[in-house]
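Here's the structure we're looking at; comments come further down.
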Amino acid sequence: MLEVPSLWLFQVRLRVAPVGAKPPPGTYTKGMVRTRRFTRREYHRLGEAGILGEDERVELLEGNLVEMSPIGSRHAACVKKINALFHRTLEGRALVGVQDPIRLSEDSEPQPDLVLLRPRADFYAEDHPGPEDVLLLVEVAEASLAYDREVKLPLYAQAGIPEVWLVHLAENQVEVHRGPREGRYGETQTLVPSQSLSPLAFPEVRFKVEDLLP
């Protein structure tokens, strides 16, 4: 069991940043309490020590513990719909992860809404999937649209995730981001319900945009 001094626990609680605010880099001082960045190992030890519970909606981004937005009913419905569509269409060809962690780096472990993963016999029991395992990543954006675009997308590009779909619920659109290079995606396309799209990993499979929306 990890022993954590009460003052350090207090620092951890203050380190959780709200959604919509870009996590500040490095160590900084907030009020009278000095805080610091965490590695993936330390992040998991916080869970093992009971400081962070399994039901707490936080993710690790660039060493910062970031509070995730509450999931609304349309967001949840969209995730369920895409999950069912992926399972029905790609069964046996890809594993579908739903709001599961992926290890981008030693200090980033986000929890995207959905990912298509390369099949593995152990279902990634030894460690969470990494960028090399991700075929497609999907984020469903409602309250978190600006955060997903400005904070998470660059991290996905920097890690080399080949393709990200950003489902924009307010506008009933899907943004397709491809070609990661130097922390950004070189190709971005916005699609409306009447259009269709195919994952790069499965170009023979086509989805209607309207079938991705709740």
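A note on labels: chains of the structure tokens are A, B, ... as shown, every chain counts residues from 1, and ligands are counted from 1 in their shown order.
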Strand (DSSP E) call set, DSSP backbone run, range 38-204 of chain A, as a PDB file with C-alpha atoms, in the first residue's frame:
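In the end it all went to part-v1.pdb:
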```
ATOM      1  CA  VAL A  58     -10.354  11.905 -14.347  1.00  0.00           C
ATOM      2  CA  GLU A  59      -7.715  11.253 -16.970  1.00  0.00           C
ATOM      3  CA  LEU A  60      -3.991  11.899 -17.079  1.00  0.00           C
ATOM      4  CA  LEU A  61      -2.847  14.395 -19.716  1.00  0.00           C
ATOM      5  CA  ASN A  64      -1.989  16.598 -15.109  1.00  0.00           C
ATOM      6  CA  LEU A  65      -5.091  15.007 -13.592  1.00  0.00           C
ATOM      7  CA  VAL A  66      -7.965  16.439 -15.605  1.00  0.00           C
ATOM      8  CA  GLU A  67     -11.595  16.207 -14.563  1.00  0.00           C
ATOM      9  CA  LEU A  95     -11.427  -4.846 -30.846  1.00  0.00           C
ATOM     10  CA  VAL A  96     -13.698  -2.037 -29.693  1.00  0.00           C
ATOM     11  CA  GLY A  97     -12.725  -0.129 -26.556  1.00  0.00           C
ATOM     12  CA  VAL A  98     -15.350   2.070 -24.899  1.00  0.00           C
ATOM     13  CA  LEU A 114     -14.244   4.737 -28.442  1.00  0.00           C
ATOM     14  CA  VAL A 115     -11.233   3.162 -30.095  1.00  0.00           C
ATOM     15  CA  LEU A 116     -10.777   0.478 -32.700  1.00  0.00           C
ATOM     16  CA  LEU A 117      -7.795  -1.660 -31.692  1.00  0.00           C
ATOM     17  CA  VAL A 134      -5.022   2.160 -32.199  1.00  0.00           C
ATOM     18  CA  LEU A 135      -6.581   1.985 -35.659  1.00  0.00           C
ATOM     19  CA  LEU A 136      -9.212   4.664 -35.070  1.00  0.00           C
ATOM     20  CA  LEU A 137     -10.101   6.884 -32.122  1.00  0.00           C
ATOM     21  CA  VAL A 138     -13.504   8.534 -31.625  1.00  0.00           C
ATOM     22  CA  GLU A 139     -14.353  11.388 -29.270  1.00  0.00           C
ATOM     23  CA  VAL A 140     -17.984  12.420 -28.805  1.00  0.00           C
ATOM     24  CA  ALA A 141     -18.080  16.127 -28.025  1.00  0.00           C
ATOM     25  CA  GLU A 163      -7.124   8.827 -37.404  1.00  0.00           C
ATOM     26  CA  VAL A 164      -9.516  10.618 -35.042  1.00  0.00           C
ATOM     27  CA  TRP A 165     -13.236  11.188 -35.513  1.00  0.00           C
ATOM     28  CA  LEU A 166     -14.674  14.044 -33.472  1.00  0.00           C
ATOM     29  CA  VAL A 167     -18.466  13.711 -33.289  1.00  0.00           C
ATOM     30  CA  HIS A 168     -19.904  17.194 -32.798  1.00  0.00           C
ATOM     31  CA  GLN A 173     -21.350  16.783 -37.728  1.00  0.00           C
ATOM     32  CA  VAL A 174     -18.324  14.511 -37.714  1.00  0.00           C
ATOM     33  CA  GLU A 175     -14.840  15.974 -38.021  1.00  0.00           C
ATOM     34  CA  VAL A 176     -12.318  13.552 -39.519  1.00  0.00           C
ATOM     35  CA  HIS A 177      -8.675  14.180 -38.624  1.00  0.00           C
ATOM     36  CA  ARG A 178      -5.889  12.256 -40.385  1.00  0.00           C
ATOM     37  CA  GLY A 179      -2.187  12.492 -41.176  1.00  0.00           C
ATOM     38  CA  PRO A 180      -0.551  13.227 -37.796  1.00  0.00           C
ATOM     39  CA  ARG A 181       2.632  15.241 -38.066  1.00  0.00           C
ATOM     40  CA  ARG A 184      -1.183  18.320 -35.547  1.00  0.00           C
ATOM     41  CA  TYR A 185      -3.316  16.603 -38.174  1.00  0.00           C
ATOM     42  CA  GLY A 186      -2.569  17.585 -41.743  1.00  0.00           C
ATOM     43  CA  GLU A 187      -5.956  16.541 -43.118  1.00  0.00           C
ATOM     44  CA  THR A 188      -9.230  17.671 -41.556  1.00  0.00           C
ATOM     45  CA  GLN A 189     -12.662  17.200 -43.065  1.00  0.00           C
ATOM     46  CA  THR A 190     -16.106  18.080 -41.675  1.00  0.00           C
ATOM     47  CA  LEU A 191     -18.956  15.805 -42.747  1.00  0.00           C
ATOM     48  CA  SER A 196     -20.515   8.926 -45.544  1.00  0.00           C
ATOM     49  CA  LEU A 197     -17.012   7.959 -44.459  1.00  0.00           C
TER      50      LEU A 197
END
```
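Between CA of Ser69 in chain A and CA of Arg103 in chain A the interatomic distance comes to 20.1 Å.
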* To do: Measuring atom to atom with only C-alpha atoms, identify which of A:Asp113, A:Asp127, A:Glu91, A:Glu62 is nearest to Cys78 in chain A.
  => A:Asp113
Nearby residues (only C-alpha atoms) at most 6 Å from Gln158 in chain A, same-chain spacing under 3 positions excluded, as an mmCIF file with N, CA and C atoms, in the first residue's frame:
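Now in around.cif:
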```cif
data_model
loop_
_atom_site.group_PDB
_atom_site.id
_atom_site.type_symbol
_atom_site.label_atom_id
_atom_site.label_comp_id
_atom_site.auth_asym_id
_atom_site.auth_seq_id
_atom_site.Cartn_x
_atom_site.Cartn_y
_atom_site.Cartn_z
ATOM 1 N N PRO A 154 -4.191 17.558 -30.350
ATOM 2 C CA PRO A 154 -2.742 17.667 -30.527
ATOM 3 C C PRO A 154 -1.970 16.542 -29.844
ATOM 4 N N LEU A 155 -2.459 16.075 -28.686
ATOM 5 C CA LEU A 155 -1.793 14.963 -28.011
ATOM 6 C C LEU A 155 -1.917 13.678 -28.826
ATOM 7 N N GLY A 183 2.612 17.168 -34.062
ATOM 8 C CA GLY A 183 1.621 17.611 -33.094
ATOM 9 C C GLY A 183 0.333 18.158 -33.672
#
```
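Of the residues under consideration (A:Arg118, A:Arg45, A:His128, A:Arg74), A:Arg118 shows the shortest atom-to-atom contact distance to Phe202 in chain A when counting only C-alpha atoms.
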* Structure fact -> Using only C-alpha atoms, the best pick from A:Leu52, A:Pro101, A:Arg88, A:Asp107 as closest to Phe38 in chain A would be A:Asp107
* Taking the backbone alone, and naming residues the way the document does, which bits of range 58-211 of chain A are helix (DSSP H, G or I) by DSSP, as a PyMOL selection string? -> chain A and resi 73-90+131-133+145-159+209-211
